[in-house]
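Data block for data14.txt (compact mmCIF, C-alpha atoms):
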```txt
# COMPACT_ATOMS: atom_id res chain seq x y z
CA MET K 1 61.62 107.76 59.21
CA GLY K 2 60.97 106.96 62.86
CA ASP K 3 61.85 110.44 64.15
CA GLY K 4 58.70 112.09 62.79
CA THR K 5 60.41 113.79 59.84
CA ILE K 6 59.00 113.50 56.37
CA ARG K 7 61.48 112.41 53.79
CA HIS K 8 61.10 113.77 50.29
CA TRP K 9 60.92 110.92 47.76
CA LEU K 10 63.75 112.36 45.67
CA PRO K 11 66.75 112.74 47.97
CA LEU K 12 68.38 116.13 48.02
CA THR K 13 71.83 114.61 48.31
CA ARG K 14 73.23 112.36 45.66
CA LEU K 15 73.98 108.77 46.43
CA ASP K 16 77.58 107.71 46.16
CA LEU K 17 77.23 105.15 43.41
CA PRO K 18 80.39 103.79 41.82
CA LEU K 19 79.29 105.15 38.47
CA LEU K 20 82.41 105.18 36.33
CA ARG K 21 85.48 103.01 36.38
CA THR K 22 87.00 104.50 33.23
CA SER K 23 85.90 107.48 31.20
CA ASN K 24 83.50 105.33 29.17
CA THR K 25 82.53 102.47 31.49
CA VAL K 26 79.33 102.88 33.50
CA SER K 27 78.78 100.70 36.55
CA VAL K 28 75.07 99.91 36.67
CA PRO K 29 73.84 98.65 40.07
CA ALA K 30 71.88 95.38 39.85
CA SER K 31 68.80 97.13 41.24
CA LEU K 32 68.71 99.39 38.15
CA ILE K 33 69.24 96.70 35.51
CA PRO K 34 65.46 96.23 34.95
CA TYR K 35 65.10 99.97 34.27
CA VAL K 36 68.05 100.09 31.88
CA ARG K 37 66.69 96.98 30.15
CA SER K 38 63.24 98.56 29.73
CA GLY K 39 64.70 101.70 28.17
CA LEU K 40 66.95 99.74 25.82
CA ILE K 41 64.10 97.47 24.72
CA ALA K 42 62.09 100.58 23.81
CA GLU K 43 65.06 101.93 21.80
CA PHE K 44 65.41 98.56 20.02
CA GLY K 45 61.67 98.52 19.25
CA SER K 46 61.87 102.04 17.86
CA ALA K 47 64.57 100.92 15.44
CA ILE K 48 62.39 98.02 14.30
CA ASP K 49 59.49 100.44 13.76
CA VAL K 50 61.65 102.68 11.56
CA LEU K 51 62.94 99.73 9.54
CA GLU K 52 59.40 98.42 9.13
CA VAL K 53 58.26 101.76 7.66
CA VAL K 54 61.29 101.90 5.38
CA LEU K 55 60.67 98.38 4.09
CA ALA K 56 56.95 99.03 3.53
CA ALA K 57 57.66 102.02 1.27
CA ASP K 58 57.56 101.68 -2.50
CA GLU K 59 61.16 102.82 -2.64
CA ILE K 60 63.67 102.38 0.18
CA GLU K 61 65.30 105.57 1.44
CA PRO K 62 68.96 104.67 2.01
CA ASP K 63 69.47 107.29 4.75
CA ARG K 64 66.44 106.09 6.76
CA TRP K 65 67.56 102.48 6.24
CA ARG K 66 71.05 103.24 7.60
CA THR K 67 69.59 105.23 10.50
CA GLY K 68 67.26 102.38 11.48
CA LEU K 69 70.07 99.84 11.24
CA ALA K 70 72.44 101.99 13.30
CA GLN K 71 69.82 102.37 16.05
CA LEU K 72 69.10 98.64 15.91
CA ASP K 73 72.79 97.71 16.09
CA ARG K 74 73.58 100.04 19.01
CA SER K 75 70.55 99.05 21.05
CA ARG K 76 71.13 95.35 20.30
CA GLU K 77 74.76 95.64 21.38
CA LEU K 78 73.80 97.18 24.72
CA LEU K 79 70.89 94.75 25.23
CA LEU K 80 73.22 91.80 24.70
CA ARG K 81 75.32 93.04 27.62
CA VAL K 82 72.36 93.91 29.88
CA GLY K 83 70.23 90.91 28.90
CA VAL K 84 66.76 91.00 27.38
CA ALA K 85 64.93 89.24 30.23
CA ALA K 86 64.85 89.71 33.99
CA ARG K 87 66.96 87.18 35.86
CA PRO K 88 67.28 86.55 39.58
CA ASP K 89 71.06 86.52 39.14
CA ASP K 90 71.33 90.05 37.72
CA VAL K 91 74.43 91.58 39.26
CA ASP K 92 76.12 94.97 39.07
CA LEU K 93 77.21 95.48 35.50
CA ASP K 94 80.16 97.40 34.09
CA LEU K 95 78.81 98.63 30.78
CA GLU K 96 81.45 99.98 28.42
CA LEU K 97 80.12 102.65 26.11
CA THR K 98 82.66 102.57 23.31
CA THR K 99 81.29 105.32 21.09
CA PRO K 100 79.47 108.64 21.52
CA PRO K 101 76.35 107.19 19.81
CA SER K 102 76.29 104.34 22.34
CA ALA K 103 76.60 106.80 25.22
CA ARG K 104 73.79 108.91 23.73
CA LEU K 105 71.55 105.87 23.28
CA PHE K 106 72.21 104.77 26.87
CA LEU K 107 71.34 108.24 28.21
CA ASP K 108 68.21 108.45 26.04
CA ALA K 109 67.07 105.04 27.30
CA LEU K 110 67.68 106.04 30.94
CA ARG K 111 65.86 109.37 30.52
CA ALA K 112 62.84 107.73 28.88
CA VAL K 113 62.40 105.05 31.53
CA SER K 114 62.99 107.53 34.35
CA ASP K 115 60.38 109.87 32.90
CA ILE K 116 57.80 107.10 32.55
CA GLU K 117 58.36 105.93 36.14
CA VAL K 118 58.04 109.46 37.53
CA GLN K 119 54.90 109.95 35.42
CA ARG K 120 53.48 106.69 36.83
CA LEU K 121 54.02 107.97 40.38
CA ALA K 122 52.59 111.41 39.57
CA SER K 123 49.48 109.92 37.98
CA ALA K 124 48.91 107.71 40.98
CA ALA K 125 49.37 110.65 43.36
CA THR K 126 46.85 112.68 41.35
CA ASP K 127 44.38 109.84 41.86
CA GLN K 128 45.35 109.78 45.55
CA VAL K 129 46.85 106.32 45.23
CA HIS K 130 50.03 105.66 47.16
CA LEU K 131 52.58 103.65 45.19
CA PRO K 132 55.93 102.49 46.54
CA LEU K 133 58.90 104.46 45.24
CA ARG K 134 60.91 101.32 44.56
CA GLN K 135 64.19 102.33 42.88
CA ILE K 136 63.03 105.64 41.39
CA PRO K 137 65.15 107.96 43.63
CA VAL K 138 68.24 105.82 42.93
CA LEU K 139 67.41 105.81 39.20
CA ARG K 140 67.04 109.60 39.10
CA ASN K 141 70.37 110.08 40.92
CA PHE K 142 72.05 107.56 38.64
CA LEU K 143 70.71 109.41 35.58
CA VAL K 144 72.00 112.77 36.85
CA ASP K 145 75.45 111.28 37.48
CA ALA K 146 75.50 109.51 34.10
CA GLU K 147 74.51 112.70 32.28
CA GLN K 148 77.23 114.71 34.02
CA ARG K 149 79.95 112.17 33.44
CA LEU K 150 79.03 111.17 29.88
CA ARG K 151 78.24 114.72 28.77
CA LYS K 152 81.62 115.19 27.07
CA MET K 153 81.41 111.89 25.24
CA ALA K 154 77.85 112.44 23.95
CA LYS K 155 78.09 116.25 23.86
CA ASN K 156 77.27 117.02 20.23
CA MET K 157 75.67 113.68 19.44
CA GLN K 158 72.07 114.01 18.30
CA PRO K 159 69.72 111.05 18.73
CA LEU K 160 69.42 108.93 15.61
CA LEU K 161 65.63 108.91 15.85
CA ASP K 162 63.30 111.83 16.52
CA ALA K 163 61.26 111.75 19.71
CA SER K 164 58.14 111.13 17.60
CA GLU K 165 59.71 107.90 16.32
CA LYS K 166 60.56 106.54 19.75
CA ARG K 167 58.55 104.01 21.69
CA THR K 168 57.63 104.67 25.29
CA PRO K 169 59.36 102.23 27.64
CA ARG K 170 57.23 99.97 29.77
CA SER K 171 57.08 100.69 33.45
CA VAL K 172 59.16 98.20 35.41
CA ARG K 173 56.94 95.75 37.26
CA PRO K 174 57.73 94.86 40.88
CA GLY K 175 58.56 91.27 39.89
CA ASP K 176 61.29 92.55 37.56
CA GLU K 177 63.18 94.06 40.49
CA PHE K 178 64.91 91.04 41.98
CA HIS K 179 67.41 93.24 43.81
CA SER K 180 65.14 96.14 44.75
CA GLN K 181 66.01 96.30 48.44
```
Serialized structure, structure tokens:
Amino acid sequence: MGDGTIRHWLPLTRLDLPLLRTSNTVSVPASLIPYVRSGLIAEFGSAIDVLEVVLAADEIEPDRWRTGLAQLDRSRELLLRVGVAARPDDVDLDLELTTPPSARLFLDALRAVSDIEVQRLASAATDQVHLPLRQIPVLRNFLVDAEQRLRKMAKNMQPLLDASEKRTPRSVRPGDEFHSQ
């Protein structure tokens, strides 16, 4: 800031984002679409990995097959709404999460991409490299709000896949953030 104060990169006050319109509709700001997309693509890829292992086995395990398909279907459904590729016309998106598993998948995707972005910044800081914060503070605040508001819907819902079966989302590249400022 111009007044000589140092601003912490993660704001202490939450931003007033219009997060929910109904109890299960999340309003995703256009600036966060690339992050949501990255997390959902990782969830989709994880489902493909599970199905690939199931199909490569001598005998297919029906429970693992159903689990992989459920993860694939939920992540595909959300990706269809968000879009699989960055577009300059990405706009704020009202994303209806119709089931607890969809809400859980959305939260898992947000957490994973948020964690990878914070890790990217921390690694750079350790190497004494200054990286721009981009949308990370907004993403962290959005995640906190989403977790609080979707907690009841996804309360007892366990993730379909174990953490060891999940892919790590890619860090969002600056070119993917058409609406970053």
**Study point:** Interatomic distance (Å, one decimal) between CA of Pro169 in chain K and CA of Ile116 in chain K
**Key:**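 These atoms are spaced 7.1 Å apart.
Between Asp94 in chain K and the residues K:Ser114, K:Arg66, K:Leu78, K:Ser123, the shortest atom-to-atom distance, using all atoms listed in the file, involves K:Leu78.
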Review point. Smallest atom-to-atom distance to Thr67 in chain K: which of K:Met153, K:Leu161, K:Ala125, K:Ile41, using all atoms listed in the file?
Key: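 Using all atoms listed in the file, Thr67 in chain K sits closest to K:Leu161.
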Check your understanding: Looking at K:Arg111, K:His130, K:Arg120, K:Arg167, which one is nearest to Val144 in chain K, with distances taken over all atoms listed in the file?
Key ->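 When distances to Val144 in chain K are compared using all atoms listed in the file, the smallest one comes from K:Arg111.
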Just the residues within 9 Å of range 117-119 of chain K, please, counting all atoms listed in the file, with nothing from its chain fewer than 4 positions along; format it as a short mmCIF file (atom, residue, chain, number, x, y, z; two decimals) with C-alpha atoms, keeping the file's coordinate frame.
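Produced file out-v5.cif, reproduced below:
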```cif
data_model
loop_
_atom_site.label_atom_id
_atom_site.label_comp_id
_atom_site.auth_asym_id
_atom_site.auth_seq_id
_atom_site.Cartn_x
_atom_site.Cartn_y
_atom_site.Cartn_z
CA ALA K 112 62.84 107.73 28.88
CA VAL K 113 62.40 105.05 31.53
CA SER K 123 49.48 109.92 37.98
CA ALA K 124 48.91 107.71 40.98
CA ILE K 136 63.03 105.64 41.39
CA ARG K 170 57.23 99.97 29.77
CA SER K 171 57.08 100.69 33.45
CA VAL K 172 59.16 98.20 35.41
#
```
Practice item. Would you list the contacts of Leu95 in chain K as a ChimeraX atom specification, taking every protein, DNA or RNA residue within 9 Å and counting all atoms listed in the file, but skipping same-chain residues closer than 2 positions in sequence? Key: /K:24-28,78,81-82,93,97
Please enclose the listed atoms of range 106-109 of chain K in an axis-aligned box, pad each side by 4 Å, and write out the centre and the three edge lengths in Å, rounded to one decimal, as AutoDock Vina command-line options.
```
--center_x 69.6 --center_y 106.6 --center_z 27.1 --size_x 13.1 --size_y 11.7 --size_z 10.2
```
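Ranking K:Asp63, K:Gly68, K:Phe106, K:Arg37 by their shortest atom-to-atom distance to Leu51 in chain K, with only C-alpha atoms included, puts K:Gly68 first.
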Practice item. Just the residues within 8 Å of range 145-148 of chain K, please, counting only C-alpha atoms, with nothing from its chain fewer than 3 positions along; format it as number ranges by chain. Key: K: 19, 26, 107, 141-142, 151
Practice item. Pull the neighbourhood of (58.0, 110.3, 14.8) for me: all residues within 12 Å in file coordinates, counting all atoms listed in the file, as a PyMOL selection string. Key: chain K and resi 46-47+49-50+53+160-168
Save out the residues we just selected, C-alpha atoms, as a short mmCIF file (atom, residue, chain, number, x, y, z; two decimals), in the coordinates of the input.
```
data_model
loop_
_atom_site.label_atom_id
_atom_site.label_comp_id
_atom_site.auth_asym_id
_atom_site.auth_seq_id
_atom_site.Cartn_x
_atom_site.Cartn_y
_atom_site.Cartn_z
CA SER K 46 61.87 102.04 17.86
CA ALA K 47 64.57 100.92 15.44
CA ASP K 49 59.49 100.44 13.76
CA VAL K 50 61.65 102.68 11.56
CA VAL K 53 58.26 101.76 7.66
CA LEU K 160 69.42 108.93 15.61
CA LEU K 161 65.63 108.91 15.85
CA ASP K 162 63.30 111.83 16.52
CA ALA K 163 61.26 111.75 19.71
CA SER K 164 58.14 111.13 17.60
CA GLU K 165 59.71 107.90 16.32
CA LYS K 166 60.56 106.54 19.75
CA ARG K 167 58.55 104.01 21.69
CA THR K 168 57.63 104.67 25.29
#
```
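Atom to atom, CA of Leu72 in chain K and CA of Lys152 in chain K stand 23.6 Å apart.
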Practice item. Take CA of Leu121 in chain K and CA of Ser102 in chain K and report the distance between them in Å, one decimal. Key: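 About the pair CA of Leu121 in chain K and CA of Ser102 in chain K: they are 28.9 Å apart.
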Exercise for review: Determine the nearest neighbour of Ser75 in chain K from the options K:Leu32, K:Ala122, K:Leu150, K:Leu40, counting all atoms listed in the file.
Suggested key: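 Looking at the shortest contact to Ser75 in chain K, the residue is K:Leu40.
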Point to revise | For Leu139 in chain K, the nearest of the candidates K:Val54, K:Arg104, K:Ala109, K:Ala86, counting only C-alpha atoms | key: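 Closest to Leu139 in chain K of all the choices is K:Ala109.
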